[in-house]
Amino acid sequence: MSKVYYILLLFCFQCAGAQADTYINLLPYSRWQYNPLAAAASPAALADAHKFSAGIYGERRYLLEELGNYRLAIALPAAGSCFGLITSYAGGGPHRNSMLALAYARSLGRAQVGLQFGYHSAGMRNYDRYSFISTSAALLLPLSQGLRAGFHVEHSAGPPGKQPAAVFSAGLGYDASRQFFMGLLISKTEDRSVQIQAGFEYVPMPQLNVRAGIDAATTLFYFGVGIVLQQFRIELAAALHPQLGTTPGMALLYPSNFKE
Amino acid sequence: MQLARGQEPPIIVQENLERVADANGTETEKDNDYLQQLDDYRRHPLPVNTASAEELAGLHLLSALQVGGLLDYRRLSGALVDLYELQAVPGWDLETIARAMPYLTVAVPMPVGRRLADRLKGSQTLLLRTGRVLQEARGYAIDSGNHYLGSRDHVLLSYKYQYRNLLYFGLTADKDPGEQFLRGAQSRGFDFYSFHFFIRNLGLIKALAIGDYVVNMGQGLLYWQSGGFGKSDAVLAIKKSALVLTPYRAAGETVFNRGLGLTIGRGRMEASIFGSYRRLGASVDTVEDRFGSIQTSGYYRTPGEIAHRNLLSEWTAGGRLAYNSTSVQLGLNALAIRYGLPQQKDAQPYNYFAFAGRRLTGFSFDYSITDHNRHWFGEVAVDQWLHPALLAGMLMAMDRAVDLSFLYRRLPPAYAGIGGSAFTEATLPVNEEGLYAGLLFRPAPGWQVNAYADLYRFPWLRYRVNAPSTGHGYGVQVNYQPDKKWSLNLRYRSRFRQINEAGAPVLAAPVGTTGQALRLQLTDQLSPRLSVKNRVELVWLRDEKGRREEGYLIYSEVSCRITRGLWADARVQYTETGSYDTRIYAYESDVLYSYSIPAYSGKLYRYYLVISKNIGRQLALWVRWAESVYPDLETMGSGLDEIAGNHRTEVKFQALFRF
């Protein structure tokens, strides 16, 4: 049986907070709910990627132009290993934050490990600009047919006082079947409170998937729905914050059957 | 058998050791006698068909019900033919069998007549361990006043001879960092020397100890010196059980006897007697001619510490008369301690009932009775002033899936239990009354749920608690181990206690504080050569004054057999806690016979690497490098242990020669 190599598409972007794409944090812990953008949460997340895949995502947080968030991820299987390329852009107006990351992943028997390096550029136009390098390492452990656990560390090095905080995550996911998944994630950002996230994903039919969840730290509820259109999958996402409002998002993924 | 790769203690033992460290507030690195015993049993497994209840319980891996179940099985069904037959023993689930199997054997022990000659054909080991912190602490940089007189190196040298569990003798020498060597107060070389000679099962003589040894009697109300695990998530491990006399082979420098001990037995009767004389370090008031407290750290590094050295004489004597049958054990215990000077603690309200004087005498009666699926145990003790102390417990196997445990203790403030170590919230078995209940549930194969509740009160004041107080603790632990390859452990604990608010007036009521902890641990044997262990732990602290704190720990550890005879263990860890009050303890891999359980607090990154290597069949080497980095600090530690900078690196080297 051929080894499953991971196509690592790591989204290494320091978000202002969990948003409509919060659901991707749980997807690495599912064997069946893989989607190219899911590697943003764990470099070792693409266990089921057997072929070229790509995804593009965009959202406008709280409907504010200045808080746009866009991401492109591409997975490239290569002989004996897999590489990933991901780029992102966030901000709008004078503030901008962009990232370009390269990742690599493979399996070690039952475990899967991944490593990612990213270059970030951020700043305020006509005021300040700085850059930093981020590194990320992750481990995924398929424990049984449906149970999967994982650990992820993300660390950045940059100008003193401007480098983003390190993030440490541990997650647990359970695939009750190909149609239903639920997951739990505990993450700790340096100097911030612990964040706990839980959610589920349901696929009533191959052409449709729905999801919902909650991020306890930010009291954020998210939900989404995806449909298949020929070779593509279109996913619509939204997040609701009780004070700050709604964040709509949309993703376009190729191919639609990358889980096969 | 690979010399360099000692069996890492089972997870339940690691958790118990963390619990001990948390309760005592210290890293218990030096008290490594239990790990030595465990390694001894790994090399010379306990004969499961002839081992006594105390020997089986001494593994600290089996509950009293499981031990009783095995004894009953042996009595009814005869000797076990194979260890897999343990599956037929009531109360022995697959997890217990897998945990205990490395330390058991069905091999038949040799006849007594052959043992005498063969006892001289045992194994000898010579161990050298040394280590130091690479950064120089302030105590080493100054050369006047209160400062460390010796070098920063810790050195342990140990020679041991052992033939199974029948004959031990050896010598241990230990120098702590900061202590001198071959000069000053340590002009004879090392600061601490220990000698032991111990023989077991020689006709009428069940045990003979000459030199350093430990004594354990009853349930610890009167006298108990072996490392006790106390309250833990192993809800059935509420009964203390150990051999009355065991050799002392550690370098702890404190909890042991020095003299002679003897146990003789015939049939079901057994009698033990022991005597000890030691010189202890103590804080002595030369004007009042009394002492306040006994020095327990074993450190004699500074002029101030050296001034307290060997100032106090201690005579200890005692005995035990026991009746042992398969289902009933009864014991009468007596203890007498005499100090060279009277003890008189500081005149604080919480010391009102503290032991004072030179002489302590105590008696106790202990029992344990197995009645079908129930096991009753307990102890009643009195001191010379006839203050009674009571401890009573019960273990019950409801059915194959459910076990219950209960323990009640009533220990009045005036009871002088200075030699005891029992199943209590406090360190000593005094000033406490409480009820503990535990449940062990096995809902399905591979699953185990432990739950406990403990309600207690302290009738009198305590250190940092200016009023009688109450407390309670709850815990639930779910273990899932579907096969030998991986296991998942989820644990939640909550504890409420009352303590003085910092800076509050003396008459202010103590403040209730609730601490909660949630831990998720995953262990996975990925391949025969590679295993990983991961843990995430969260703690929360809330008090009645509104103070809130959080703590977090995450680590990932990899153990790898690189080549035949070469192993490596590596861990990376991140911890962030609000303060020392939300500290988190975590067991760390170390060189053989050693372990460390640091208390992590503040924000730090921690890494360590342990490499072990066999050199031929007789020599093994270990190297350990550990570093803590505190990104937000400019100095670490305090007082003489203050280190400039924000990182602390410790290196350790060990060589073991077996011949």
# chains A, B, ... in the order shown; residues from 1 in each chain; ligands from 1
call {"tool": "select_by_dssp", "arguments": {"residues": "range 100-209 of chain A", "states": "strand (DSSP E or B)", "output": "ChimeraX atom specification"}}
result
/A:100-108,111-124,128-142,147-157,167-175,180-189,194-205,208-209
call {"tool": "interface_residues", "arguments": {"of": "chain A", "to": "chain B", "cutoff": "12 Å", "atoms": "only C-alpha atoms", "output": "ChimeraX atom specification"}}
result
/A:107-112,137-144,147-155,160,165-172,184-196
call {"tool": "residues_around", "arguments": {"residues": "range 260-263 of chain B", "least_positions_apart": "5", "cutoff": "10 Å", "atoms": "only C-alpha atoms", "output": "number ranges by chain"}}
result
B: 197-201, 204-215, 244-247, 270-277, 317-321
call {"tool": "residues_around", "arguments": {"residues": "Pro242 in chain A", "least_positions_apart": "6", "cutoff": "12 Å", "atoms": "only C-alpha atoms", "output": "JSON, numbers by chain"}}
result
{"A": [62, 218, 219, 220, 221, 222]}
call {"tool": "write_last_selection", "arguments": {"atoms": "N, CA and C atoms", "output": "mmCIF file, in the first residue's frame"}}
result
data_model
loop_
_atom_site.group_PDB
_atom_site.id
_atom_site.type_symbol
_atom_site.label_atom_id
_atom_site.label_comp_id
_atom_site.auth_asym_id
_atom_site.auth_seq_id
_atom_site.Cartn_x
_atom_site.Cartn_y
_atom_site.Cartn_z
ATOM 1 N N TYR A 62 -16.449 41.245 9.460
ATOM 2 C CA TYR A 62 -17.397 42.231 9.985
ATOM 3 C C TYR A 62 -17.825 43.223 8.903
ATOM 4 N N THR A 218 -13.696 33.553 21.699
ATOM 5 C CA THR A 218 -14.212 34.780 21.097
ATOM 6 C C THR A 218 -15.738 34.770 21.022
ATOM 7 N N THR A 219 -16.384 33.798 21.616
ATOM 8 C CA THR A 219 -17.841 33.590 21.533
ATOM 9 C C THR A 219 -18.330 33.772 20.105
ATOM 10 N N LEU A 220 -17.672 33.084 19.216
ATOM 11 C CA LEU A 220 -17.972 33.210 17.802
ATOM 12 C C LEU A 220 -18.635 31.933 17.314
ATOM 13 N N PHE A 221 -19.745 32.086 16.626
ATOM 14 C CA PHE A 221 -20.427 30.952 16.006
ATOM 15 C C PHE A 221 -20.152 30.980 14.509
ATOM 16 N N TYR A 222 -19.866 29.831 13.958
ATOM 17 C CA TYR A 222 -19.642 29.800 12.514
ATOM 18 C C TYR A 222 -20.473 28.682 11.914
#
call {"tool": "atom_distance", "arguments": {"atom1": "CA of Ile499 in chain B", "atom2": "CA of Phe353 in chain B"}}
result
19.2 Å
call {"tool": "closest_residue", "arguments": {"among": "A:Lys162, A:Arg61, A:Lys51, A:Arg96", "to": "Leu76 in chain A", "atoms": "only C-alpha atoms"}}
result
A:Lys51
